[in-house]
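Here the structure comes first, spelled out in structure tokens, and everything after it is commentary.
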Amino acid sequence: MDFDEMDDMKEARERARTFAEKYFTEELAESADRDEKFPMDLVEISRKEKILDFSNPWKILVSIEELCRRDPGLGISVTITAFGSENLMLFGSDYLKEHYMNSVLEGKKTMGLGVTEAGGGSDVSSVRTEAKKEGDHYVLNGGKMFISNGQIADFFVVLARTSPPPSPEKRHRGLSTFVVESSAPGFTANKLHGKLGVRATNTAELIFDNVKVPEQNLIGEEGKGFYYIMTFFNISRIYVAAQGLGIAQGALDRMMEFAKNSTNLANEGDLKEEIHFAIAEVATRIEAARNITYKAASYLFNFNPNPVVTSMAKYYAAETAVFAAKKALEITGLTGITSKLERVYRDSKILEIWEGTSEVEKLIISRMMTKNQGGN
Amino acid sequence: MEEEYGILENTVRDFSAKFIENNALKIENEGINETLIRSLAEQGFLSMAYQQGVGKAIDMKAFALILENLAKTSPSVAVKVLLTNLFLTLATEESILNEVSSGSKSGTVVLSELLGGYSPKERLAINGNRIQGKKEFVVDSDASFIITLVDSGELVLLKSGFSKDAKHKRLGFRGLDFSTISVNSDNFDVIAKNGLVELRNAYSRMAIPIAAIAIGIAEGSISKAVEYAKVRMAFNHYLKDFQPIAFNLSSNLAELSMLKQYLSYIVGLEKNSTEALFLKTRSMEAAKEISKNALQTHGGYGYLEDFGVEKFYRDSMALSILFYNEEKEMEQLSEYVFDSKAGFV
């Protein structure tokens, strides 16, 4: 068993770190947070410099870590412009790959994923948006909530109901996924203001009012949308875990900086074990979270996904990020609360909520384990 | 006597419902306006520590009740009331006491020297008959009068000759300004030569009121979470029907209930400084934990300011940094536990 990173991972990590140090200025991070403004110029630069190399998922993973380590809001903004593209990669027709996916991977277009609905949250099967077949197209009516890239994406992968569920217990049946262009008549995106954190990212409510979607924009087979989305979550949750690792590592960096650059560890001869212990606890959790995340990634990237380990990674890395940000603020006190750490504290909390709350992840872990469907 | 406190509690709740609840988000985004300050003064909330014609005195139980109930809807307003009354305990000039307690002028106290992670970059010094320099970490920096320590250790009251400078990042209490101030003033009083001791004593006397704000934050959080869990459905069930949510919130409420009972008990004690620290320590943790659970219960909606939960998450952490020094206060507790200085090597 070799725990050393591969050379191309090291190189990607270094590139992302250098990029973040150069472009993620505190001024930009603060203004994007204050004004809730998506940093499009920054995204363009990152595309030109090819910070995300879609040919190697390991490189994406460590790049996300490094970018979020520097600043979660900017880091996530730069790394989610292709959010949902795996649906097209895995289940899309050649037409969809050529017309939509490639342009995103080439950095020419931005996409998003429309799954969550108002009042739906992590309960994906409760989708109420409908898609009715009419001739050679579908007509979409309904809405989506908390959609990343909502106002800036050129198109979305949208989950909608194409047939009624056979029973209340089988609501996950009869759902399908489509590519919906944001320029389509009847499509509206309303920005959500006043988020606690990740305010640089663009989040919106989507409304579909008789939106016509060509039938060739159906992804895969009709009625299999729920399974496609669950498959996608098993990928995206690993990247959310990477966000958590980066955020936690960034918080630990601040704690280390505070300990080294101030007299806090040696004030009046005190040893200040509280600070030592906090650093040790956070560092240990990060190490554990990184090991689970890389294990989940290893399963996935070798085409043998393990949803149990993936959910463990997402749940634990998210909680580690929140824990680290909290500890960092508590230890650094006035220094921290008047620094970027206060933003990191706000940003980190979303990780326990999006892409499946911690509670949902725990349910997945225990239910699949009791059915002997994963884990170790 | 208990009946009077019951009436007071209802009065604060009615006040909050009338003046704060529907404006809570506006207060966060635009600050506490003069109308609200006048209303707080009319209710007597700004004159708990000093009353014209009566002098300085404070009914700690009443004060705690007011802060707790204000914090349930707006921790910013509660902190404004706390700082105003803390100012009144330290200021001495009668005209200023009257102006601040009546709400026509405002006063605040800079506590930064008492807090963890204090690392000033600016200097504030007395040069002859002037005070010059800058003071960082001023909560409610819009105030007309500011009490602060200067570098040489005196506690001074600045009456004029200061202005707001760079704003600090604000995790919490967004209804109040949080800035550095620039000072060039010959209009000041020295309140105490050994200012740190005076400031520390005044701060220590506020342990119960500060704990009351933490308890109010926790109560505000949990009441929103409980209401939400009753009506929000997921996977064909109300959230309240899921064990983790029901049990967590119930456990939170049990802890909160005990903290409230303890507060009620210790305000009646003749000496309660150690008990006040017990209460403050546990209340700070409870506020952070309960507001986090409340936000999590709301899921994505909890992350949006419109639902009024995220501010408790921010404010509970801000309270534990701006009005609590975990290390120093735990050292005090350890000294009590071990009957000698403890927590040092």
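Naming scheme: A, B, ... for chains in displayed order of the structure tokens; residues 1 onward per chain; ligands 1 onward as shown.
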Legend entry - All residues 12 Å or closer to A:Lys144, only C-alpha atoms, same chain fewer than 4 positions away omitted, as JSON, numbers by chain: {"A": [112, 113, 114, 115, 116, 117, 118, 119, 120, 121, 124, 126, 127, 128, 129, 130, 140, 148, 150, 156, 157, 158, 159, 160, 187, 188, 189, 190, 191, 192, 203, 204, 205, 206, 207, 208, 209]}
Near chain B, 6 Å: chain A residue rows, closest pairs, only C-alpha atoms, as a tab-separated table:
```
residue	atom	partner	partner_atom	distance
A:Asp123	CA	B:Phe235	CA	5.9
A:Gly194	CA	B:Glu305	CA	5.2
A:Lys195	CA	B:Leu304	CA	4.6
A:Leu196	CA	B:Tyr303	CA	5.3
A:Asp270	CA	B:Val345	CA	6.0
A:Thr332	CA	B:Gly117	CA	5.1
A:Gly333	CA	B:Gly117	CA	4.5
A:Leu334	CA	B:Gly117	CA	4.8
A:Thr335	CA	B:Gly117	CA	5.2
A:Thr338	CA	B:Lys169	CA	5.1
A:Glu342	CA	B:Leu171	CA	5.8
A:Ile353	CA	B:Gly299	CA	5.9
```
Do a neighbour search on B:Met48 at 8 Å with only C-alpha atoms, toss out local chain neighbours closer than 5 positions, and write the hits as a PDB file with N, CA, C and O atoms, in the first residue's frame.
```pdb
ATOM      1  N   ALA B  57     -27.640  51.319  40.051  1.00  0.00           N
ATOM      2  CA  ALA B  57     -28.055  50.055  40.680  1.00  0.00           C
ATOM      3  C   ALA B  57     -28.508  49.158  39.551  1.00  0.00           C
ATOM      4  O   ALA B  57     -28.892  49.644  38.494  1.00  0.00           O
ATOM      5  N   ILE B  58     -28.422  47.883  39.764  1.00  0.00           N
ATOM      6  CA  ILE B  58     -28.860  46.993  38.684  1.00  0.00           C
ATOM      7  C   ILE B  58     -29.541  45.758  39.269  1.00  0.00           C
ATOM      8  O   ILE B  58     -29.012  45.122  40.181  1.00  0.00           O
ATOM      9  N   ASP B  59     -30.750  45.509  38.799  1.00  0.00           N
ATOM     10  CA  ASP B  59     -31.474  44.297  39.174  1.00  0.00           C
ATOM     11  C   ASP B  59     -31.067  43.233  38.156  1.00  0.00           C
ATOM     12  O   ASP B  59     -31.547  43.227  37.024  1.00  0.00           O
ATOM     13  N   PHE B  63     -32.457  42.422  34.413  1.00  0.00           N
ATOM     14  CA  PHE B  63     -31.575  42.710  33.279  1.00  0.00           C
ATOM     15  C   PHE B  63     -31.377  41.459  32.417  1.00  0.00           C
ATOM     16  O   PHE B  63     -31.452  41.507  31.184  1.00  0.00           O
ATOM     17  N   ASN B  85     -25.636  49.517  29.037  1.00  0.00           N
ATOM     18  CA  ASN B  85     -25.671  49.419  30.505  1.00  0.00           C
ATOM     19  C   ASN B  85     -24.289  49.193  31.105  1.00  0.00           C
ATOM     20  O   ASN B  85     -24.003  49.682  32.201  1.00  0.00           O
TER      21      ASN B  85
END
```
Inset, instruction - Excluding B:Gly55 and any residue of its chain fewer than 5 positions from it, enumerate the residues within 12 Å of it, using only C-alpha atoms, and give them as an MDAnalysis selection string. - result: chainID B and resid 47:50 88:89 91:94 97:98 101
Inset, instruction - Would you please work out which residue, of B:Asp189, B:Glu28, B:Glu4, B:Glu227, is nearest to B:Phe312 when using only C-alpha atoms? - result: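 Residue with the minimum atom-to-atom distance to B:Phe312: B:Glu28.
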Inset, instruction - Could you give me the residues within stretch 31-272 of chain B that DSSP places in helix (DSSP H, G or I), as a ChimeraX atom specification? - result: /B:34-42,45-47,60-71,75-90,94-101,112-114,195-205,207-231,239-241,243-266
Legend entry - strand (DSSP E or B) per DSSP on the backbone: members of stretch 67-250 of chain A, as a VMD selection string: chain A and resid 82 111 to 114 130 to 134 137 to 148 155 to 161 175 to 181 187 to 191 195 203 to 214 218 to 219 224
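Atom to atom, atom CA of B:Tyr228 and atom CA of A:Thr201 stand 26.5 Å apart.
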Inset, instruction - Provide the atom CA of B:Leu86 to atom CA of B:Leu157 distance in Å, to one decimal place. - result: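 One can read the atom CA of B:Leu86 to atom CA of B:Leu157 distance as 12.8 Å.
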Inset, instruction - Record the distance separating atom CA of A:Met9 and atom CA of A:Val62, expressed in Å with one decimal. - result: 6.7 Å
Inset, instruction - Quick one: everything within 7 Å of stretch 63-73 of chain A, counting only C-alpha atoms, minus sequence neighbours fewer than 3 positions away in the same chain. Send it as a list in words. - result: Ala12, Arg13, Ala16, Arg17, Ala20, Leu52, Lys59, Ile60, Ile76, Ser77, Thr79, Val198, Arg199, Ala200, Thr201, Ala242, Gln243, Leu245, Gly246, Ile247, Gln249, Gly250, Val344 and Asp347 of chain A
Legend entry - Selected residue, from B:Ala71, B:Leu8, B:Val109, B:Ile147, that lies nearest to B:Asp315 when counting only C-alpha atoms: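 Comparing B:Ala71, B:Leu8, B:Val109, B:Ile147 against B:Asp315, the winner is B:Ala71.
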Legend entry - Who sits within 12 Å of B:Ser257, only C-alpha atoms, same chain under 6 positions skipped, as a VMD selection string: chain B and resid 215 to 216 218 to 219 222 250 to 251 263 to 264 283 286
Inset, instruction - Compile the contact shell of stretch 362-364 of chain A as a PyMOL selection string: residues with an atom at most 8 Å away, counting only C-alpha atoms, same-chain residues fewer than 4 positions apart removed. - result: chain A and resi 307-308+311-312+315+358+368
